[in-house]
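First up is the structure itself, then whatever we jot down about it.
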Amino acid sequence: VPIDKIEVENNQVGIDVGLTSFATLSNGEKIENPRFYHKEEANLRHAQQQKEKAPIGSSLRQKRKIIVARVHERIANKRKDFVHQESRKIVNAYQTIAVEDLEVNHMVHNHCLAKSIMDAAWSDFTHHLQYKAAYAGRRFVKINPAYTSQTCNQCGHRQKMSLDIREYHCLCCGISLDRDHNAALNILALGLESISNQSVETLTLEVGE
């Protein structure tokens, strides 16, 4: 399939995903977390309880099992539509897109956050961004997210912060801004640095050849 290039100015964006907000962009814009599973959890619990009340092996239990499956399907469809819509908006608006290279499978081992992390669908979002960016002729890069929320985007000072602290107050230069916005700015800077290094390596190889 031919690449469908979409003309856009040389806009750049870094994206920090999270649970408070689904994503925060380096321009300060936030994408709210829809929490589809959380909203449907009561309906799902009721459907599962009704299924368990039906006799094992009965036709009634089979019907109620289908109802449970439909609730799961509805949640999955809403989540899928959401990541499609949001990834399309970003790819249409930005020429260079930098995101975190998250190990989601390792993160869900945290039982306190596992349900929320799976509901957020960060992996699906990144996947959709990546292939849409490729077809639109965008530059897309994933970077190591280590310390991006703990490092000042202005002076590079790093300070430890617990997850409950949502504002970044730099003890060195005094800058104060939203924690996730600070992380998104760092992600963008690291992404641009990575792209620049790739370009230099490519140029070196061409000259060498």
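Ordering of the structure tokens sets the chain letters (A, B, ...); residue numbers start at 1 within each chain; ligands are numbered from 1 in the order shown.
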
Review point. Got a sec to tell me which of region 13-209 of chain A DSSP assigns to alpha helix (DSSP H), as a ChimeraX atom specification?
Key: /A:36-53,59-93,104-107,114-120,122-135,179-208

How close does region 33-109 of chain A get to region 148-153 of chain A? List, as a tab-separated table, each residue of region 33-109 of chain A within 12 Å, its nearest atom pair and the distance in Å to one decimal, counting only C-alpha atoms.
```
residue	atom	partner	partner_atom	distance
A:Val99	CA	A:Thr148	CA	11.3
A:Glu100	CA	A:Thr148	CA	9.3
A:Asp101	CA	A:Thr148	CA	11.8
```

Mind writing the picked residues with N, CA, C and O atoms as a PDB file, in the first residue's frame?
```
ATOM      1  N   VAL A  99       7.826   8.964  21.976  1.00  0.00           N
ATOM      2  CA  VAL A  99       7.047   8.329  23.048  1.00  0.00           C
ATOM      3  C   VAL A  99       7.972   7.494  23.926  1.00  0.00           C
ATOM      4  O   VAL A  99       9.119   7.212  23.564  1.00  0.00           O
ATOM      5  N   GLU A 100       7.431   7.060  25.063  1.00  0.00           N
ATOM      6  CA  GLU A 100       8.183   6.207  25.981  1.00  0.00           C
ATOM      7  C   GLU A 100       8.176   4.763  25.485  1.00  0.00           C
ATOM      8  O   GLU A 100       7.160   4.267  25.012  1.00  0.00           O
ATOM      9  N   ASP A 101       9.304   4.107  25.614  1.00  0.00           N
ATOM     10  CA  ASP A 101       9.399   2.683  25.285  1.00  0.00           C
ATOM     11  C   ASP A 101       9.138   1.903  26.566  1.00  0.00           C
ATOM     12  O   ASP A 101      10.054   1.507  27.283  1.00  0.00           O
TER      13      ASP A 101
END
```

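Picture a line from CA of Val91 (chain A) to CA of Ser194 (chain A); it runs 19.2 Å.
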
Exercise for review: May I ask which of the residues A:Gln159, A:Gln62, A:Ser176, A:Gln95 is the closest one to Gly137 (chain A), counting only C-alpha atoms?
Suggested key: A:Gln95

Check your understanding: Using only C-alpha atoms, which residues sit within 12 Å of Phe140 (chain A) once same-chain residues fewer than 2 positions away are excluded, as a VMD selection string?
Key -> chain A and resid 12 to 15 90 to 91 94 to 101 126 to 138 142 to 143 188 191 to 192 194 to 195

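Here CA of Arg35 (chain A) is placed at a distance of 19.5 Å from CA of Lys89 (chain A).
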
**Study point:** strand (DSSP E or B) per DSSP on the backbone: members of region 31-151 of chain A, as JSON, numbers by chain
**Key:** {"A": [31, 32, 96, 97, 98, 99, 100, 139, 140, 141, 142, 143, 151]}

Include N, CA, C and O atoms and write out the residues we just selected as a PDB file, in the first residue's frame.
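Writing done, so here's result26.pdb:
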```pdb
ATOM      1  N   ILE A  31      -4.635  14.396  27.441  1.00  0.00           N
ATOM      2  CA  ILE A  31      -5.708  13.524  26.958  1.00  0.00           C
ATOM      3  C   ILE A  31      -6.249  12.798  28.183  1.00  0.00           C
ATOM      4  O   ILE A  31      -5.512  12.077  28.856  1.00  0.00           O
ATOM      5  N   GLU A  32      -7.502  13.017  28.478  1.00  0.00           N
ATOM      6  CA  GLU A  32      -8.081  12.444  29.689  1.00  0.00           C
ATOM      7  C   GLU A  32      -8.168  10.925  29.600  1.00  0.00           C
ATOM      8  O   GLU A  32      -8.363  10.361  28.517  1.00  0.00           O
ATOM      9  N   THR A  96       7.054  15.025  13.974  1.00  0.00           N
ATOM     10  CA  THR A  96       7.972  14.219  14.780  1.00  0.00           C
ATOM     11  C   THR A  96       7.287  13.839  16.084  1.00  0.00           C
ATOM     12  O   THR A  96       6.781  14.707  16.802  1.00  0.00           O
ATOM     13  N   ILE A  97       7.275  12.533  16.382  1.00  0.00           N
ATOM     14  CA  ILE A  97       6.557  12.027  17.549  1.00  0.00           C
ATOM     15  C   ILE A  97       7.506  11.172  18.384  1.00  0.00           C
ATOM     16  O   ILE A  97       8.081  10.198  17.888  1.00  0.00           O
ATOM     17  N   ALA A  98       7.681  11.548  19.642  1.00  0.00           N
ATOM     18  CA  ALA A  98       8.541  10.790  20.559  1.00  0.00           C
ATOM     19  C   ALA A  98       7.691  10.252  21.698  1.00  0.00           C
ATOM     20  O   ALA A  98       6.916  10.999  22.309  1.00  0.00           O
ATOM     21  N   VAL A  99       7.826   8.964  21.976  1.00  0.00           N
ATOM     22  CA  VAL A  99       7.047   8.329  23.048  1.00  0.00           C
ATOM     23  C   VAL A  99       7.972   7.494  23.926  1.00  0.00           C
ATOM     24  O   VAL A  99       9.119   7.212  23.564  1.00  0.00           O
ATOM     25  N   GLU A 100       7.431   7.060  25.063  1.00  0.00           N
ATOM     26  CA  GLU A 100       8.183   6.207  25.981  1.00  0.00           C
ATOM     27  C   GLU A 100       8.176   4.763  25.485  1.00  0.00           C
ATOM     28  O   GLU A 100       7.160   4.267  25.012  1.00  0.00           O
ATOM     29  N   ARG A 139       8.164  11.073  11.459  1.00  0.00           N
ATOM     30  CA  ARG A 139       9.298  10.535  12.209  1.00  0.00           C
ATOM     31  C   ARG A 139       8.793  10.095  13.577  1.00  0.00           C
ATOM     32  O   ARG A 139       8.209  10.894  14.313  1.00  0.00           O
ATOM     33  N   PHE A 140       9.015   8.836  13.905  1.00  0.00           N
ATOM     34  CA  PHE A 140       8.519   8.270  15.156  1.00  0.00           C
ATOM     35  C   PHE A 140       9.686   7.619  15.882  1.00  0.00           C
ATOM     36  O   PHE A 140      10.473   6.877  15.296  1.00  0.00           O
ATOM     37  N   VAL A 141       9.803   7.893  17.185  1.00  0.00           N
ATOM     38  CA  VAL A 141      10.912   7.329  17.946  1.00  0.00           C
ATOM     39  C   VAL A 141      10.442   6.975  19.357  1.00  0.00           C
ATOM     40  O   VAL A 141       9.661   7.704  19.962  1.00  0.00           O
ATOM     41  N   LYS A 142      10.903   5.829  19.845  1.00  0.00           N
ATOM     42  CA  LYS A 142      10.631   5.414  21.222  1.00  0.00           C
ATOM     43  C   LYS A 142      11.920   5.559  22.018  1.00  0.00           C
ATOM     44  O   LYS A 142      12.991   5.157  21.563  1.00  0.00           O
ATOM     45  N   ILE A 143      11.809   6.119  23.212  1.00  0.00           N
ATOM     46  CA  ILE A 143      13.005   6.360  24.026  1.00  0.00           C
ATOM     47  C   ILE A 143      12.851   5.717  25.404  1.00  0.00           C
ATOM     48  O   ILE A 143      11.748   5.452  25.862  1.00  0.00           O
ATOM     49  N   THR A 151      13.776  14.494  36.115  1.00  0.00           N
ATOM     50  CA  THR A 151      14.820  15.389  35.602  1.00  0.00           C
ATOM     51  C   THR A 151      14.208  16.692  35.127  1.00  0.00           C
ATOM     52  O   THR A 151      13.213  16.697  34.395  1.00  0.00           O
TER      53      THR A 151
END
```

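For Lys65 (chain A), the residues within 9 Å (counting only C-alpha atoms, excluding itself and residues fewer than 3 positions away along the chain) are Ala47, Gln48, Gln50, Lys51, Glu52, Leu60, Arg61, Gln62, Val68, Ala69 and Arg70 of chain A.
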
Could you write those residues out with N, CA, C and O atoms, as a PDB file, in the first residue's frame?
```
ATOM      1  N   ALA A  47     -23.081  -9.122  35.838  1.00  0.00           N
ATOM      2  CA  ALA A  47     -23.235 -10.184  34.845  1.00  0.00           C
ATOM      3  C   ALA A  47     -22.541 -11.470  35.295  1.00  0.00           C
ATOM      4  O   ALA A  47     -23.059 -12.575  35.107  1.00  0.00           O
ATOM      5  N   GLN A  48     -21.369 -11.329  35.909  1.00  0.00           N
ATOM      6  CA  GLN A  48     -20.636 -12.504  36.390  1.00  0.00           C
ATOM      7  C   GLN A  48     -21.366 -13.173  37.562  1.00  0.00           C
ATOM      8  O   GLN A  48     -21.409 -14.403  37.653  1.00  0.00           O
ATOM      9  N   GLN A  50     -24.604 -13.114  38.092  1.00  0.00           N
ATOM     10  CA  GLN A  50     -25.773 -13.782  37.537  1.00  0.00           C
ATOM     11  C   GLN A  50     -25.393 -15.108  36.889  1.00  0.00           C
ATOM     12  O   GLN A  50     -26.115 -16.098  36.993  1.00  0.00           O
ATOM     13  N   LYS A  51     -24.243 -15.120  36.242  1.00  0.00           N
ATOM     14  CA  LYS A  51     -23.773 -16.363  35.612  1.00  0.00           C
ATOM     15  C   LYS A  51     -23.494 -17.427  36.660  1.00  0.00           C
ATOM     16  O   LYS A  51     -23.860 -18.601  36.496  1.00  0.00           O
ATOM     17  N   GLU A  52     -22.841 -17.015  37.763  1.00  0.00           N
ATOM     18  CA  GLU A  52     -22.487 -17.968  38.812  1.00  0.00           C
ATOM     19  C   GLU A  52     -23.716 -18.557  39.512  1.00  0.00           C
ATOM     20  O   GLU A  52     -23.660 -19.668  40.038  1.00  0.00           O
ATOM     21  N   LEU A  60     -29.222 -21.786  30.743  1.00  0.00           N
ATOM     22  CA  LEU A  60     -29.261 -20.456  31.347  1.00  0.00           C
ATOM     23  C   LEU A  60     -27.857 -19.962  31.655  1.00  0.00           C
ATOM     24  O   LEU A  60     -27.535 -18.791  31.421  1.00  0.00           O
ATOM     25  N   ARG A  61     -27.025 -20.843  32.172  1.00  0.00           N
ATOM     26  CA  ARG A  61     -25.638 -20.458  32.477  1.00  0.00           C
ATOM     27  C   ARG A  61     -24.894 -20.096  31.198  1.00  0.00           C
ATOM     28  O   ARG A  61     -24.093 -19.153  31.174  1.00  0.00           O
ATOM     29  N   GLN A  62     -25.166 -20.833  30.127  1.00  0.00           N
ATOM     30  CA  GLN A  62     -24.516 -20.556  28.850  1.00  0.00           C
ATOM     31  C   GLN A  62     -24.934 -19.181  28.318  1.00  0.00           C
ATOM     32  O   GLN A  62     -24.102 -18.420  27.798  1.00  0.00           O
ATOM     33  N   VAL A  68     -21.691 -11.979  29.783  1.00  0.00           N
ATOM     34  CA  VAL A  68     -20.399 -11.564  30.343  1.00  0.00           C
ATOM     35  C   VAL A  68     -19.415 -11.261  29.223  1.00  0.00           C
ATOM     36  O   VAL A  68     -18.697 -10.252  29.239  1.00  0.00           O
ATOM     37  N   ALA A  69     -19.388 -12.132  28.221  1.00  0.00           N
ATOM     38  CA  ALA A  69     -18.476 -11.950  27.084  1.00  0.00           C
ATOM     39  C   ALA A  69     -18.796 -10.667  26.323  1.00  0.00           C
ATOM     40  O   ALA A  69     -17.886  -9.971  25.850  1.00  0.00           O
ATOM     41  N   ARG A  70     -20.077 -10.336  26.233  1.00  0.00           N
ATOM     42  CA  ARG A  70     -20.476  -9.116  25.516  1.00  0.00           C
ATOM     43  C   ARG A  70     -20.030  -7.861  26.261  1.00  0.00           C
ATOM     44  O   ARG A  70     -19.678  -6.852  25.634  1.00  0.00           O
TER      45      ARG A  70
END
```

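Computed from the coordinates, the CA of Ile75 (chain A) to CA of Gly18 (chain A) distance equals 19.3 Å.
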
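If you measure from each of A:Ser59, A:Tyr37, A:Asn144, A:Glu86 to Glu73 (chain A) using only C-alpha atoms, the closest one turns out to be A:Tyr37.
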
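Excluding Arg166 (chain A) itself and same-chain residues fewer than 6 positions from it, the residues having an atom within 10 Å of it are Thr20, Ser149, Leu177, Asp178, Arg179, Asp180 and His181 of chain A, counting only C-alpha atoms.
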
Would you mind exporting the chosen residues as a CSV table (one decimal), in the first residue's frame, restricted to N, CA and C atoms?
```csv
chain,number,residue,atom,x,y,z
A,20,THR,N,-3.3,9.2,35.8
A,20,THR,CA,-4.1,10.3,36.1
A,20,THR,C,-4.7,10.9,34.8
A,149,SER,N,10.6,11.8,34.4
A,149,SER,CA,9.8,12.6,35.3
A,149,SER,C,10.5,13.2,36.5
A,177,LEU,N,6.3,23.2,37.2
A,177,LEU,CA,5.3,22.8,36.2
A,177,LEU,C,4.7,21.5,36.5
A,178,ASP,N,3.7,21.1,35.8
A,178,ASP,CA,3.1,19.8,36.0
A,178,ASP,C,4.1,18.7,35.7
A,179,ARG,N,4.1,17.7,36.6
A,179,ARG,CA,5.1,16.6,36.5
A,179,ARG,C,5.1,15.9,35.2
A,180,ASP,N,3.9,15.6,34.7
A,180,ASP,CA,3.8,14.8,33.4
A,180,ASP,C,4.2,15.7,32.2
A,181,HIS,N,3.9,17.0,32.3
A,181,HIS,CA,4.3,18.0,31.3
A,181,HIS,C,5.9,18.0,31.2
```

Point to revise | Selected residue, from A:Lys160, A:Arg45, A:Lys30, A:His84, that lies nearest to Asp16 (chain A) when counting only C-alpha atoms | key: A:Lys30

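Considering the residues A:Leu25, A:Ala42, A:Ala184, A:Met161 and counting only C-alpha atoms, Val71 (chain A) has its shortest atom-to-atom contact with A:Ala42.
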